[in-house]
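Participant: What follows is entry_29.cif, made up of mmCIF, C-alpha atoms; chains and numbers go by the auth columns:
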data_model
loop_
_atom_site.group_PDB
_atom_site.id
_atom_site.type_symbol
_atom_site.label_atom_id
_atom_site.label_comp_id
_atom_site.label_asym_id
_atom_site.label_seq_id
_atom_site.Cartn_x
_atom_site.Cartn_y
_atom_site.Cartn_z
_atom_site.B_iso_or_equiv
_atom_site.auth_seq_id
_atom_site.auth_asym_id
ATOM 1 C CA MET A 1 94.872 137.542 75.698 0.00 1 A
ATOM 2 C CA GLU A 2 91.231 138.241 75.279 0.00 2 A
ATOM 3 C CA SER A 3 91.375 137.788 71.550 0.00 3 A
ATOM 4 C CA ILE A 4 93.037 134.380 71.991 0.00 4 A
ATOM 5 C CA GLU A 5 90.329 133.298 74.400 0.00 5 A
ATOM 6 C CA GLN A 6 87.764 134.542 71.957 0.00 6 A
ATOM 7 C CA SER A 7 89.247 132.577 69.060 0.00 7 A
ATOM 8 C CA ILE A 8 89.536 129.429 71.195 0.00 8 A
ATOM 9 C CA LYS A 9 85.863 129.752 71.985 0.00 9 A
ATOM 10 C CA GLU A 10 85.012 130.157 68.315 0.00 10 A
ATOM 11 C CA LEU A 11 87.117 127.152 67.423 0.00 11 A
ATOM 12 C CA GLN A 12 85.434 125.039 70.081 0.00 12 A
ATOM 13 C CA GLN A 13 82.054 125.977 68.676 0.00 13 A
ATOM 14 C CA LYS A 14 83.182 125.086 65.179 0.00 14 A
ATOM 15 C CA VAL A 15 84.511 121.706 66.308 0.00 15 A
ATOM 16 C CA ALA A 16 81.258 121.013 68.131 0.00 16 A
ATOM 17 C CA SER A 17 79.226 121.775 65.014 0.00 17 A
ATOM 18 C CA LEU A 18 81.531 119.620 62.883 0.00 18 A
ATOM 19 C CA GLU A 19 81.184 116.722 65.272 0.00 19 A
ATOM 20 C CA LYS A 20 77.451 116.776 64.736 0.00 20 A
ATOM 21 C CA GLY A 21 76.467 114.354 62.025 0.00 21 A
ATOM 22 C CA THR A 22 79.490 112.221 62.591 0.00 22 A
ATOM 23 C CA GLU A 23 77.841 109.790 64.920 0.00 23 A
ATOM 24 C CA ASP A 24 77.836 106.211 63.767 0.00 24 A
ATOM 25 C CA GLN A 25 74.118 106.292 63.252 0.00 25 A
ATOM 26 C CA LEU A 26 71.653 105.519 60.477 0.00 26 A
ATOM 27 C CA SER A 27 68.360 107.367 60.226 0.00 27 A
ATOM 28 C CA MET A 28 65.747 106.205 57.809 0.00 28 A
ATOM 29 C CA VAL A 29 62.370 107.522 56.799 0.00 29 A
ATOM 30 C CA VAL A 30 60.192 104.507 56.146 0.00 30 A
ATOM 31 C CA PHE A 31 57.352 105.933 54.091 0.00 31 A
ATOM 32 C CA SER A 32 56.291 103.089 51.828 0.00 32 A
ATOM 33 C CA GLY A 33 53.746 100.482 52.763 0.00 33 A
ATOM 34 C CA ASP A 34 54.936 98.134 50.030 0.00 34 A
ATOM 35 C CA LEU A 35 56.221 94.752 51.109 0.00 35 A
ATOM 36 C CA ASP A 36 59.369 94.831 48.982 0.00 36 A
ATOM 37 C CA LYS A 37 60.370 98.310 50.119 0.00 37 A
ATOM 38 C CA LEU A 38 59.788 97.462 53.768 0.00 38 A
ATOM 39 C CA LEU A 39 61.914 94.337 53.370 0.00 39 A
ATOM 40 C CA ALA A 40 64.732 96.456 51.974 0.00 40 A
ATOM 41 C CA ALA A 41 64.387 98.961 54.817 0.00 41 A
ATOM 42 C CA LEU A 42 64.541 96.263 57.492 0.00 42 A
ATOM 43 C CA ILE A 43 67.452 94.428 55.860 0.00 43 A
ATOM 44 C CA ILE A 44 69.481 97.640 55.728 0.00 44 A
ATOM 45 C CA ALA A 45 68.492 98.472 59.308 0.00 45 A
ATOM 46 C CA THR A 46 69.474 95.088 60.753 0.00 46 A
ATOM 47 C CA GLY A 47 72.626 94.967 58.627 0.00 47 A
ATOM 48 C CA ALA A 48 73.682 98.352 59.994 0.00 48 A
ATOM 49 C CA THR A 49 73.557 97.026 63.541 0.00 49 A
ATOM 50 C CA ALA A 50 76.240 94.505 62.546 0.00 50 A
ATOM 51 C CA MET A 51 78.405 97.539 61.841 0.00 51 A
ATOM 52 C CA ASP A 52 77.653 98.646 65.409 0.00 52 A
ATOM 53 C CA MET A 53 75.640 101.539 64.071 0.00 53 A
ATOM 54 C CA LYS A 54 72.765 102.953 66.026 0.00 54 A
ATOM 55 C CA VAL A 55 69.648 102.644 63.875 0.00 55 A
ATOM 56 C CA LYS A 56 66.561 104.814 64.047 0.00 56 A
ATOM 57 C CA LEU A 57 63.596 104.257 61.766 0.00 57 A
ATOM 58 C CA PHE A 58 60.941 106.903 61.318 0.00 58 A
ATOM 59 C CA PHE A 59 57.710 105.283 60.161 0.00 59 A
ATOM 60 C CA THR A 60 55.338 107.628 58.417 0.00 60 A
ATOM 61 C CA PHE A 61 52.310 107.549 56.075 0.00 61 A
ATOM 62 C CA TRP A 62 51.679 104.142 54.450 0.00 62 A
ATOM 63 C CA ALA A 63 54.429 102.419 56.406 0.00 63 A
ATOM 64 C CA THR A 64 52.547 102.906 59.672 0.00 64 A
ATOM 65 C CA THR A 65 49.960 100.355 58.572 0.00 65 A
ATOM 66 C CA ALA A 66 52.692 97.703 58.638 0.00 66 A
ATOM 67 C CA LEU A 67 53.111 98.305 62.362 0.00 67 A
ATOM 68 C CA CYS A 68 49.527 97.361 63.136 0.00 68 A
ATOM 69 C CA ASP A 69 48.880 94.142 64.952 0.00 69 A
ATOM 70 C CA LYS A 70 45.871 92.590 63.285 0.00 70 A
ATOM 71 C CA THR A 71 44.928 90.685 66.414 0.00 71 A
ATOM 72 C CA LYS A 72 44.478 93.891 68.365 0.00 72 A
ATOM 73 C CA LYS A 73 41.072 95.526 68.090 0.00 73 A
ATOM 74 C CA VAL A 74 40.221 99.022 69.189 0.00 74 A
ATOM 75 C CA LYS A 75 36.724 100.218 69.993 0.00 75 A
ATOM 76 C CA ASN A 76 35.221 103.696 69.698 0.00 76 A
ATOM 77 C CA LYS A 77 36.821 104.650 66.414 0.00 77 A
ATOM 78 C CA ASP A 78 35.165 107.439 64.505 0.00 78 A
ATOM 79 C CA PHE A 79 33.482 106.823 61.165 0.00 79 A
ATOM 80 C CA MET A 80 36.370 107.959 58.956 0.00 80 A
ATOM 81 C CA SER A 81 38.922 105.935 60.917 0.00 81 A
ATOM 82 C CA LYS A 82 36.730 102.871 60.545 0.00 82 A
ATOM 83 C CA LEU A 83 36.444 103.526 56.818 0.00 83 A
ATOM 84 C CA PHE A 84 40.204 103.884 56.472 0.00 84 A
ATOM 85 C CA GLY A 85 40.639 100.733 58.489 0.00 85 A
ATOM 86 C CA LEU A 86 38.519 98.857 55.976 0.00 86 A
ATOM 87 C CA VAL A 87 40.615 99.820 52.957 0.00 87 A
ATOM 88 C CA LEU A 88 44.093 99.942 54.427 0.00 88 A
ATOM 89 C CA PRO A 89 46.127 96.792 54.930 0.00 89 A
ATOM 90 C CA LYS A 90 46.481 95.924 58.592 0.00 90 A
ATOM 91 C CA GLY A 91 49.706 94.246 59.603 0.00 91 A
ATOM 92 C CA THR A 92 52.582 92.749 57.651 0.00 92 A
ATOM 93 C CA SER A 93 50.643 89.803 56.232 0.00 93 A
ATOM 94 C CA LYS A 94 48.398 92.086 54.162 0.00 94 A
ATOM 95 C CA LEU A 95 51.174 94.028 52.431 0.00 95 A
ATOM 96 C CA LYS A 96 51.687 93.829 48.687 0.00 96 A
ATOM 97 C CA LEU A 97 54.582 94.194 46.291 0.00 97 A
ATOM 98 C CA SER A 98 55.133 97.597 44.683 0.00 98 A
ATOM 99 C CA LYS A 99 55.466 95.879 41.319 0.00 99 A
ATOM 100 C CA MET A 100 54.121 92.683 39.790 0.00 100 A
ATOM 101 C CA ASN A 101 51.576 92.118 42.497 0.00 101 A
ATOM 102 C CA MET A 102 49.220 90.654 39.866 0.00 102 A
ATOM 103 C CA GLY A 103 46.224 90.510 42.136 0.00 103 A
ATOM 104 C CA GLY A 104 48.247 88.958 44.924 0.00 104 A
ATOM 105 C CA ILE A 105 49.811 86.162 42.881 0.00 105 A
ATOM 106 C CA GLY A 106 53.132 87.966 42.609 0.00 106 A
ATOM 107 C CA THR A 107 53.235 88.632 46.338 0.00 107 A
ATOM 108 C CA SER A 108 52.554 85.042 47.316 0.00 108 A
ATOM 109 C CA MET A 109 55.072 83.824 44.753 0.00 109 A
ATOM 110 C CA LEU A 110 57.726 86.080 46.257 0.00 110 A
ATOM 111 C CA LYS A 111 56.869 84.907 49.753 0.00 111 A
ATOM 112 C CA SER A 112 57.245 81.245 48.846 0.00 112 A
ATOM 113 C CA LEU A 113 60.469 82.003 46.990 0.00 113 A
ATOM 114 C CA MET A 114 61.814 83.801 50.045 0.00 114 A
ATOM 115 C CA LYS A 115 61.039 80.793 52.182 0.00 115 A
ATOM 116 C CA LYS A 116 62.786 78.503 49.729 0.00 116 A
ATOM 117 C CA LYS A 117 65.858 80.713 49.616 0.00 117 A
ATOM 118 C CA ASN A 118 65.990 81.195 53.392 0.00 118 A
ATOM 119 C CA VAL A 119 65.316 84.917 53.193 0.00 119 A
ATOM 120 C CA ALA A 120 63.842 86.184 56.458 0.00 120 A
ATOM 121 C CA SER A 121 60.205 87.264 56.312 0.00 121 A
ATOM 122 C CA LEU A 122 59.190 90.778 57.294 0.00 122 A
ATOM 123 C CA ASP A 123 57.897 89.538 60.647 0.00 123 A
ATOM 124 C CA GLU A 124 61.178 87.766 61.328 0.00 124 A
ATOM 125 C CA LEU A 125 63.092 90.903 60.374 0.00 125 A
ATOM 126 C CA PHE A 126 61.021 92.980 62.797 0.00 126 A
ATOM 127 C CA LYS A 127 61.829 90.459 65.516 0.00 127 A
ATOM 128 C CA THR A 128 65.547 90.571 64.718 0.00 128 A
ATOM 129 C CA ALA A 129 65.468 94.366 64.607 0.00 129 A
ATOM 130 C CA ALA A 130 63.868 94.396 68.057 0.00 130 A
ATOM 131 C CA GLU A 131 66.562 92.091 69.437 0.00 131 A
ATOM 132 C CA LEU A 132 69.302 94.227 67.941 0.00 132 A
ATOM 133 C CA GLY A 133 67.946 97.412 69.452 0.00 133 A
ATOM 134 C CA VAL A 134 66.722 99.114 66.286 0.00 134 A
ATOM 135 C CA GLU A 135 64.600 102.061 67.355 0.00 135 A
ATOM 136 C CA ILE A 136 61.241 102.640 65.699 0.00 136 A
ATOM 137 C CA ASN A 137 59.660 106.064 65.825 0.00 137 A
ATOM 138 C CA VAL A 138 56.141 106.357 64.526 0.00 138 A
ATOM 139 C CA CYS A 139 54.754 109.566 63.108 0.00 139 A
ATOM 140 C CA GLU A 140 51.874 110.675 65.288 0.00 140 A
ATOM 141 C CA MET A 141 50.178 112.637 62.520 0.00 141 A
ATOM 142 C CA SER A 142 50.201 109.685 60.123 0.00 142 A
ATOM 143 C CA MET A 143 48.651 107.431 62.737 0.00 143 A
ATOM 144 C CA ASP A 144 45.996 110.029 63.304 0.00 144 A
ATOM 145 C CA LEU A 145 45.274 110.387 59.568 0.00 145 A
ATOM 146 C CA MET A 146 45.121 106.645 59.005 0.00 146 A
ATOM 147 C CA GLY A 147 42.986 106.189 62.072 0.00 147 A
ATOM 148 C CA ILE A 148 45.524 103.993 63.805 0.00 148 A
ATOM 149 C CA LYS A 149 45.471 103.943 67.588 0.00 149 A
ATOM 150 C CA LYS A 150 48.470 103.385 69.818 0.00 150 A
ATOM 151 C CA GLU A 151 46.826 100.272 71.251 0.00 151 A
ATOM 152 C CA GLU A 152 46.825 98.641 67.796 0.00 152 A
ATOM 153 C CA LEU A 153 50.579 98.782 67.279 0.00 153 A
ATOM 154 C CA ILE A 154 52.762 95.685 67.418 0.00 154 A
ATOM 155 C CA ASP A 155 54.603 94.795 70.610 0.00 155 A
ATOM 156 C CA TYR A 156 58.038 96.217 70.002 0.00 156 A
ATOM 157 C CA PRO A 157 60.496 97.074 72.772 0.00 157 A
ATOM 158 C CA ASN A 158 61.898 100.258 71.315 0.00 158 A
ATOM 159 C CA LEU A 159 58.892 101.972 69.788 0.00 159 A
ATOM 160 C CA ASN A 160 57.979 105.597 70.332 0.00 160 A
ATOM 161 C CA ILE A 161 55.347 107.888 68.922 0.00 161 A
ATOM 162 C CA CYS A 162 56.773 111.189 67.828 0.00 162 A
ATOM 163 C CA GLY A 163 56.765 114.006 65.326 0.00 163 A
ATOM 164 C CA VAL A 164 59.009 115.261 62.564 0.00 164 A
ATOM 165 C CA ALA A 165 61.385 117.032 64.955 0.00 165 A
ATOM 166 C CA THR A 166 62.532 113.685 66.356 0.00 166 A
ATOM 167 C CA PHE A 167 63.438 112.508 62.889 0.00 167 A
ATOM 168 C CA LEU A 168 65.232 115.748 62.033 0.00 168 A
ATOM 169 C CA ILE A 169 67.326 115.700 65.184 0.00 169 A
ATOM 170 C CA ASP A 170 68.168 112.023 64.627 0.00 170 A
ATOM 171 C CA ALA A 171 69.010 112.645 60.972 0.00 171 A
ATOM 172 C CA GLU A 172 71.212 115.582 61.831 0.00 172 A
ATOM 173 C CA GLU A 173 73.288 113.372 64.114 0.00 173 A
ATOM 174 C CA SER A 174 73.541 110.536 61.604 0.00 174 A
ATOM 175 C CA LYS A 175 76.175 109.662 59.075 0.00 175 A
ATOM 176 C CA ILE A 176 73.608 108.049 56.829 0.00 176 A
ATOM 177 C CA GLN A 177 70.093 109.206 56.070 0.00 177 A
ATOM 178 C CA LEU A 178 67.783 107.260 53.820 0.00 178 A
ATOM 179 C CA PHE A 179 64.234 107.554 52.559 0.00 179 A
ATOM 180 C CA ILE A 180 62.378 104.431 51.556 0.00 180 A
ATOM 181 C CA MET B 1 97.195 83.336 52.731 0.00 1 B
ATOM 182 C CA THR B 2 97.101 80.435 50.303 0.00 2 B
ATOM 183 C CA GLN B 3 94.174 78.057 50.127 0.00 3 B
ATOM 184 C CA ASP B 4 96.226 75.309 51.804 0.00 4 B
ATOM 185 C CA GLU B 5 97.263 77.627 54.634 0.00 5 B
ATOM 186 C CA LEU B 6 93.641 78.639 55.165 0.00 6 B
ATOM 187 C CA GLN B 7 92.529 75.007 55.252 0.00 7 B
ATOM 188 C CA ALA B 8 95.223 74.202 57.809 0.00 8 B
ATOM 189 C CA LEU B 9 94.186 76.973 60.242 0.00 9 B
ATOM 190 C CA THR B 10 93.102 76.020 63.729 0.00 10 B
ATOM 191 C CA VAL B 11 89.678 77.579 64.039 0.00 11 B
ATOM 192 C CA ASN B 12 88.540 78.822 67.447 0.00 12 B
ATOM 193 C CA LYS B 13 84.965 79.449 66.362 0.00 13 B
ATOM 194 C CA SER B 14 82.968 78.211 63.418 0.00 14 B
ATOM 195 C CA VAL B 15 79.716 79.875 62.399 0.00 15 B
ATOM 196 C CA ASP B 16 77.449 77.982 60.074 0.00 16 B
ATOM 197 C CA ALA B 17 75.275 80.612 58.403 0.00 17 B
ATOM 198 C CA ARG B 18 74.366 78.496 55.404 0.00 18 B
ATOM 199 C CA GLY B 19 70.721 78.454 56.421 0.00 19 B
ATOM 200 C CA THR B 20 70.311 82.207 56.152 0.00 20 B
ATOM 201 C CA ALA B 21 70.378 84.871 53.459 0.00 21 B
ATOM 202 C CA CYS B 22 71.434 88.510 53.651 0.00 22 B
ATOM 203 C CA PRO B 23 71.789 89.976 56.283 0.00 23 B
ATOM 204 C CA GLY B 24 71.801 86.685 58.260 0.00 24 B
ATOM 205 C CA PRO B 25 75.471 85.685 57.799 0.00 25 B
ATOM 206 C CA LEU B 26 76.658 89.162 58.755 0.00 26 B
ATOM 207 C CA LEU B 27 74.502 89.239 61.879 0.00 27 B
ATOM 208 C CA GLU B 28 75.682 85.773 62.897 0.00 28 B
ATOM 209 C CA ALA B 29 79.307 86.716 62.339 0.00 29 B
ATOM 210 C CA LYS B 30 78.840 89.831 64.445 0.00 30 B
ATOM 211 C CA LYS B 31 77.285 87.813 67.261 0.00 31 B
ATOM 212 C CA ALA B 32 79.963 85.105 67.166 0.00 32 B
ATOM 213 C CA ILE B 33 82.990 87.390 67.055 0.00 33 B
ATOM 214 C CA GLY B 34 82.038 88.632 70.494 0.00 34 B
ATOM 215 C CA THR B 35 82.563 85.151 71.917 0.00 35 B
ATOM 216 C CA ILE B 36 86.238 84.840 70.929 0.00 36 B
ATOM 217 C CA GLY B 37 89.334 86.651 72.070 0.00 37 B
ATOM 218 C CA SER B 38 91.664 88.959 70.204 0.00 38 B
ATOM 219 C CA GLY B 39 93.953 87.099 67.803 0.00 39 B
ATOM 220 C CA GLU B 40 91.676 84.059 67.631 0.00 40 B
ATOM 221 C CA ILE B 41 90.397 82.665 64.350 0.00 41 B
ATOM 222 C CA MET B 42 86.794 82.502 63.233 0.00 42 B
ATOM 223 C CA GLU B 43 85.383 80.848 60.173 0.00 43 B
ATOM 224 C CA VAL B 44 82.027 81.757 58.645 0.00 44 B
ATOM 225 C CA LEU B 45 80.274 79.269 56.405 0.00 45 B
ATOM 226 C CA SER B 46 77.882 80.858 53.963 0.00 46 B
ATOM 227 C CA ALA B 47 76.088 79.760 50.848 0.00 47 B
ATOM 228 C CA ASP B 48 75.427 83.376 50.012 0.00 48 B
ATOM 229 C CA GLU B 49 77.778 84.742 47.352 0.00 49 B
ATOM 230 C CA GLY B 50 77.363 88.288 48.679 0.00 50 B
ATOM 231 C CA THR B 51 78.791 87.336 52.063 0.00 51 B
ATOM 232 C CA LYS B 52 82.144 86.737 50.397 0.00 52 B
ATOM 233 C CA ARG B 53 82.377 90.462 49.694 0.00 53 B
ATOM 234 C CA ASP B 54 80.454 91.674 52.744 0.00 54 B
ATOM 235 C CA ILE B 55 82.457 89.985 55.492 0.00 55 B
ATOM 236 C CA PRO B 56 85.873 91.382 54.448 0.00 56 B
ATOM 237 C CA LYS B 57 84.374 94.894 54.283 0.00 57 B
ATOM 238 C CA TRP B 58 82.761 94.484 57.677 0.00 58 B
ATOM 239 C CA ALA B 59 85.969 93.034 59.169 0.00 59 B
ATOM 240 C CA ASN B 60 87.968 95.953 57.843 0.00 60 B
ATOM 241 C CA LYS B 61 85.607 98.456 59.447 0.00 61 B
ATOM 242 C CA LYS B 62 85.589 96.634 62.775 0.00 62 B
ATOM 243 C CA GLY B 63 89.354 96.145 62.862 0.00 63 B
ATOM 244 C CA HIS B 64 89.434 92.385 62.323 0.00 64 B
ATOM 245 C CA GLU B 65 91.811 90.795 59.861 0.00 65 B
ATOM 246 C CA TYR B 66 90.339 89.075 56.842 0.00 66 B
ATOM 247 C CA LEU B 67 92.493 86.063 56.041 0.00 67 B
ATOM 248 C CA GLY B 68 90.823 84.670 52.951 0.00 68 B
ATOM 249 C CA THR B 69 88.019 82.566 51.540 0.00 69 B
ATOM 250 C CA VAL B 70 87.953 78.913 50.585 0.00 70 B
ATOM 251 C CA GLU B 71 85.301 77.777 48.167 0.00 71 B
ATOM 252 C CA ASP B 72 83.726 74.442 48.969 0.00 72 B
ATOM 253 C CA SER B 73 80.985 72.661 47.050 0.00 73 B
ATOM 254 C CA GLY B 74 78.151 75.172 47.015 0.00 74 B
ATOM 255 C CA TYR B 75 79.343 77.337 49.877 0.00 75 B
ATOM 256 C CA PHE B 76 82.175 79.518 51.104 0.00 76 B
ATOM 257 C CA LYS B 77 84.416 79.325 54.129 0.00 77 B
ATOM 258 C CA ILE B 78 85.511 82.790 55.154 0.00 78 B
ATOM 259 C CA TYR B 79 88.379 83.156 57.625 0.00 79 B
ATOM 260 C CA LEU B 80 88.911 86.052 60.018 0.00 80 B
ATOM 261 C CA LYS B 81 91.285 86.905 62.820 0.00 81 B
ATOM 262 C CA LYS B 82 89.758 88.984 65.569 0.00 82 B
ATOM 263 C CA GLY B 83 91.458 92.336 66.073 0.00 83 B
#
Using structure tokens, write down the structure from this file.
Facilitator:
Amino acid sequence: MESIEQSIKELQQKVASLEKGTEDQLSMVVFSGDLDKLLAALIIATGATAMDMKVKLFFTFWATTALCDKTKKVKNKDFMSKLFGLVLPKGTSKLKLSKMNMGGIGTSMLKSLMKKKNVASLDELFKTAAELGVEINVCEMSMDLMGIKKEELIDYPNLNICGVATFLIDAEESKIQLFI
Amino acid sequence: MTQDELQALTVNKSVDARGTACPGPLLEAKKAIGTIGSGEIMEVLSADEGTKRDIPKWANKKGHEYLGTVEDSGYFKIYLKKG
């Protein structure tokens, strides 16, 4: 009897570990601060919600600058943070293409083409993502390195500041994991 | 279903997603399907060629029946039956 109980227990544990990672969830590391790559990330994220998938985006490094609201100003920044702030793009309107930027000409050409072809802008995609419940997790360390304060981030209903463990746990539960 | 049969369908809900590009039509279809009952017919209008392939795949995953696509001048009419 005991051995049967023991094997049932083992089986239950195995089933539980197999069920992990089978959740209908998409986890994405959004690393790039390039306009085109962020567009792709947000299109995949919003598209996944149509599949009724739970979507969790982990914003880290250069991507965190896209989450800054340029209208929000923060005082008492240290010297290095101020310096970083001067060179880094702040907000979605300052982002550039990863290729063929051509001093900004390429980026503005793409933007006008997107308008013409009814492709949603990055700001619109963020708004849609918010409405659809896409979760955004921002890497605390990246914000710290880039000198970005919590108060500067965009108004987004489902935004949390976290560390790598949050991403790893989310990714472990997800069917799809992507890095952009 | 043949093209004529598709054209003759009584549509319970029509979604005009011609003003949007990927992923707009998919998101609009998802929103609209919630407003109709099981067995009812929905049509999605899209000018986006990709939608023609996307919607059947999405319908299959969500358990809706893809009935077919009719090509009109410059856009597609995609028919679904809610599962």
Participant: Of the residues A:Val15, A:Ile105, A:Ile136, A:Ile176, which is the one nearest to Met53 (chain A), using only C-alpha atoms?
Facilitator: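 So, comparing all the options, the nearest one is A:Ile176.
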Participant: Using the chain letters and residue numbers of this document, give as a ChimeraX atom specification the residues selected by the PyMOL selection byres ((chain A and resi 54-68) around 8).
Facilitator: /A:24-34,38,45,48-49,52-53,69-70,88-92,95,133-139,142-143,146,148,152-154,167,170
Participant: Would you save the residues from that selection as a PDB file, keeping the file's coordinate frame, using C-alpha atoms?
Facilitator:
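Dumped everything to selection17.pdb:
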ATOM      1  CA  ASP A  24      77.836 106.211  63.767  1.00  0.00           C
ATOM      2  CA  GLN A  25      74.118 106.292  63.252  1.00  0.00           C
ATOM      3  CA  LEU A  26      71.653 105.519  60.477  1.00  0.00           C
ATOM      4  CA  SER A  27      68.360 107.367  60.226  1.00  0.00           C
ATOM      5  CA  MET A  28      65.747 106.205  57.809  1.00  0.00           C
ATOM      6  CA  VAL A  29      62.370 107.522  56.799  1.00  0.00           C
ATOM      7  CA  VAL A  30      60.192 104.507  56.146  1.00  0.00           C
ATOM      8  CA  PHE A  31      57.352 105.933  54.091  1.00  0.00           C
ATOM      9  CA  SER A  32      56.291 103.089  51.828  1.00  0.00           C
ATOM     10  CA  GLY A  33      53.746 100.482  52.763  1.00  0.00           C
ATOM     11  CA  ASP A  34      54.936  98.134  50.030  1.00  0.00           C
ATOM     12  CA  LEU A  38      59.788  97.462  53.768  1.00  0.00           C
ATOM     13  CA  ALA A  45      68.492  98.472  59.308  1.00  0.00           C
ATOM     14  CA  ALA A  48      73.682  98.352  59.994  1.00  0.00           C
ATOM     15  CA  THR A  49      73.557  97.026  63.541  1.00  0.00           C
ATOM     16  CA  ASP A  52      77.653  98.646  65.409  1.00  0.00           C
ATOM     17  CA  MET A  53      75.640 101.539  64.071  1.00  0.00           C
ATOM     18  CA  ASP A  69      48.880  94.142  64.952  1.00  0.00           C
ATOM     19  CA  LYS A  70      45.871  92.590  63.285  1.00  0.00           C
ATOM     20  CA  LEU A  88      44.093  99.942  54.427  1.00  0.00           C
ATOM     21  CA  PRO A  89      46.127  96.792  54.930  1.00  0.00           C
ATOM     22  CA  LYS A  90      46.481  95.924  58.592  1.00  0.00           C
ATOM     23  CA  GLY A  91      49.706  94.246  59.603  1.00  0.00           C
ATOM     24  CA  THR A  92      52.582  92.749  57.651  1.00  0.00           C
ATOM     25  CA  LEU A  95      51.174  94.028  52.431  1.00  0.00           C
ATOM     26  CA  GLY A 133      67.946  97.412  69.452  1.00  0.00           C
ATOM     27  CA  VAL A 134      66.722  99.114  66.286  1.00  0.00           C
ATOM     28  CA  GLU A 135      64.600 102.061  67.355  1.00  0.00           C
ATOM     29  CA  ILE A 136      61.241 102.640  65.699  1.00  0.00           C
ATOM     30  CA  ASN A 137      59.660 106.064  65.825  1.00  0.00           C
ATOM     31  CA  VAL A 138      56.141 106.357  64.526  1.00  0.00           C
ATOM     32  CA  CYS A 139      54.754 109.566  63.108  1.00  0.00           C
ATOM     33  CA  SER A 142      50.201 109.685  60.123  1.00  0.00           C
ATOM     34  CA  MET A 143      48.651 107.431  62.737  1.00  0.00           C
ATOM     35  CA  MET A 146      45.121 106.645  59.005  1.00  0.00           C
ATOM     36  CA  ILE A 148      45.524 103.993  63.805  1.00  0.00           C
ATOM     37  CA  GLU A 152      46.825  98.641  67.796  1.00  0.00           C
ATOM     38  CA  LEU A 153      50.579  98.782  67.279  1.00  0.00           C
ATOM     39  CA  ILE A 154      52.762  95.685  67.418  1.00  0.00           C
ATOM     40  CA  PHE A 167      63.438 112.508  62.889  1.00  0.00           C
ATOM     41  CA  ASP A 170      68.168 112.023  64.627  1.00  0.00           C
TER      42      ASP A 170
END
Participant: Please write as a count of residues only the full residue list that the PyMOL selection byres ((chain B) within 12 of (chain A)) yields on this file.
Facilitator: 31
Participant: Centre and edge lengths of an axis-aligned box around all listed atoms of region 4-8 of chain A, with 5 Å added on each side, are to be given in Å to one decimal, as lines of an AutoDock Vina configuration file.
Facilitator:
center_x = 90.4
center_y = 132.0
center_z = 71.7
size_x = 15.3
size_y = 15.1
size_z = 15.3
Participant: Assuming the chain letters and numbering stay as they are in my file, what does the PyMOL selection byres ((chain B and resi 76) around 10) actually select? List them as a list of chain:residue names.
Facilitator: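 Matching residues under the PyMOL selection byres ((chain B and resi 76) around 10) are B:Arg18, B:Glu43, B:Val44, B:Leu45, B:Ser46, B:Ala47, B:Asp48, B:Glu49, B:Thr51, B:Lys52, B:Thr69, B:Val70, B:Glu71, B:Asp72, B:Ser73, B:Gly74, B:Tyr75, B:Lys77, B:Ile78, B:Tyr79.
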Participant: Now that the selection is made, can you save its residues with C-alpha atoms as a compact mmCIF listing (two decimals), in the coordinates of the input?
Facilitator:
# COMPACT_ATOMS: atom_id res chain seq x y z
CA ARG B 18 74.37 78.50 55.40
CA GLU B 43 85.38 80.85 60.17
CA VAL B 44 82.03 81.76 58.64
CA LEU B 45 80.27 79.27 56.40
CA SER B 46 77.88 80.86 53.96
CA ALA B 47 76.09 79.76 50.85
CA ASP B 48 75.43 83.38 50.01
CA GLU B 49 77.78 84.74 47.35
CA THR B 51 78.79 87.34 52.06
CA LYS B 52 82.14 86.74 50.40
CA THR B 69 88.02 82.57 51.54
CA VAL B 70 87.95 78.91 50.58
CA GLU B 71 85.30 77.78 48.17
CA ASP B 72 83.73 74.44 48.97
CA SER B 73 80.98 72.66 47.05
CA GLY B 74 78.15 75.17 47.02
CA TYR B 75 79.34 77.34 49.88
CA LYS B 77 84.42 79.32 54.13
CA ILE B 78 85.51 82.79 55.15
CA TYR B 79 88.38 83.16 57.62
Participant: Name the residues in contact with His64 (chain B) at a cut-off of 9 Å, using all atoms listed in the file, excluding same-chain residues fewer than 4 positions from it; report them as an MDAnalysis selection string.
Facilitator: chainID B and resid 38:39 56 58:60 80:83
Participant: Please produce an output containing C-alpha atoms for each residue in the selection, written as a PDB file, keeping the file's coordinate frame.
Facilitator:
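Heads up, here's the output in selection.pdb:
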ATOM      1  CA  SER B  38      91.664  88.959  70.204  1.00  0.00           C
ATOM      2  CA  GLY B  39      93.953  87.099  67.803  1.00  0.00           C
ATOM      3  CA  PRO B  56      85.873  91.382  54.448  1.00  0.00           C
ATOM      4  CA  TRP B  58      82.761  94.484  57.677  1.00  0.00           C
ATOM      5  CA  ALA B  59      85.969  93.034  59.169  1.00  0.00           C
ATOM      6  CA  ASN B  60      87.968  95.953  57.843  1.00  0.00           C
ATOM      7  CA  LEU B  80      88.911  86.052  60.018  1.00  0.00           C
ATOM      8  CA  LYS B  81      91.285  86.905  62.820  1.00  0.00           C
ATOM      9  CA  LYS B  82      89.758  88.984  65.569  1.00  0.00           C
ATOM     10  CA  GLY B  83      91.458  92.336  66.073  1.00  0.00           C
TER      11      GLY B  83
END
Participant: Of the candidates B:Gly50, B:Gly68, B:Met1, B:Val11, which shows the shortest atom-to-atom distance to Ile36 (chain B), using only C-alpha atoms?
Facilitator: B:Val11
Participant: Go ahead and compute the interatomic distance for CA of Tyr66 (chain B) and CA of Gln177 (chain A), in Å to one decimal.
Facilitator: 28.6 Å
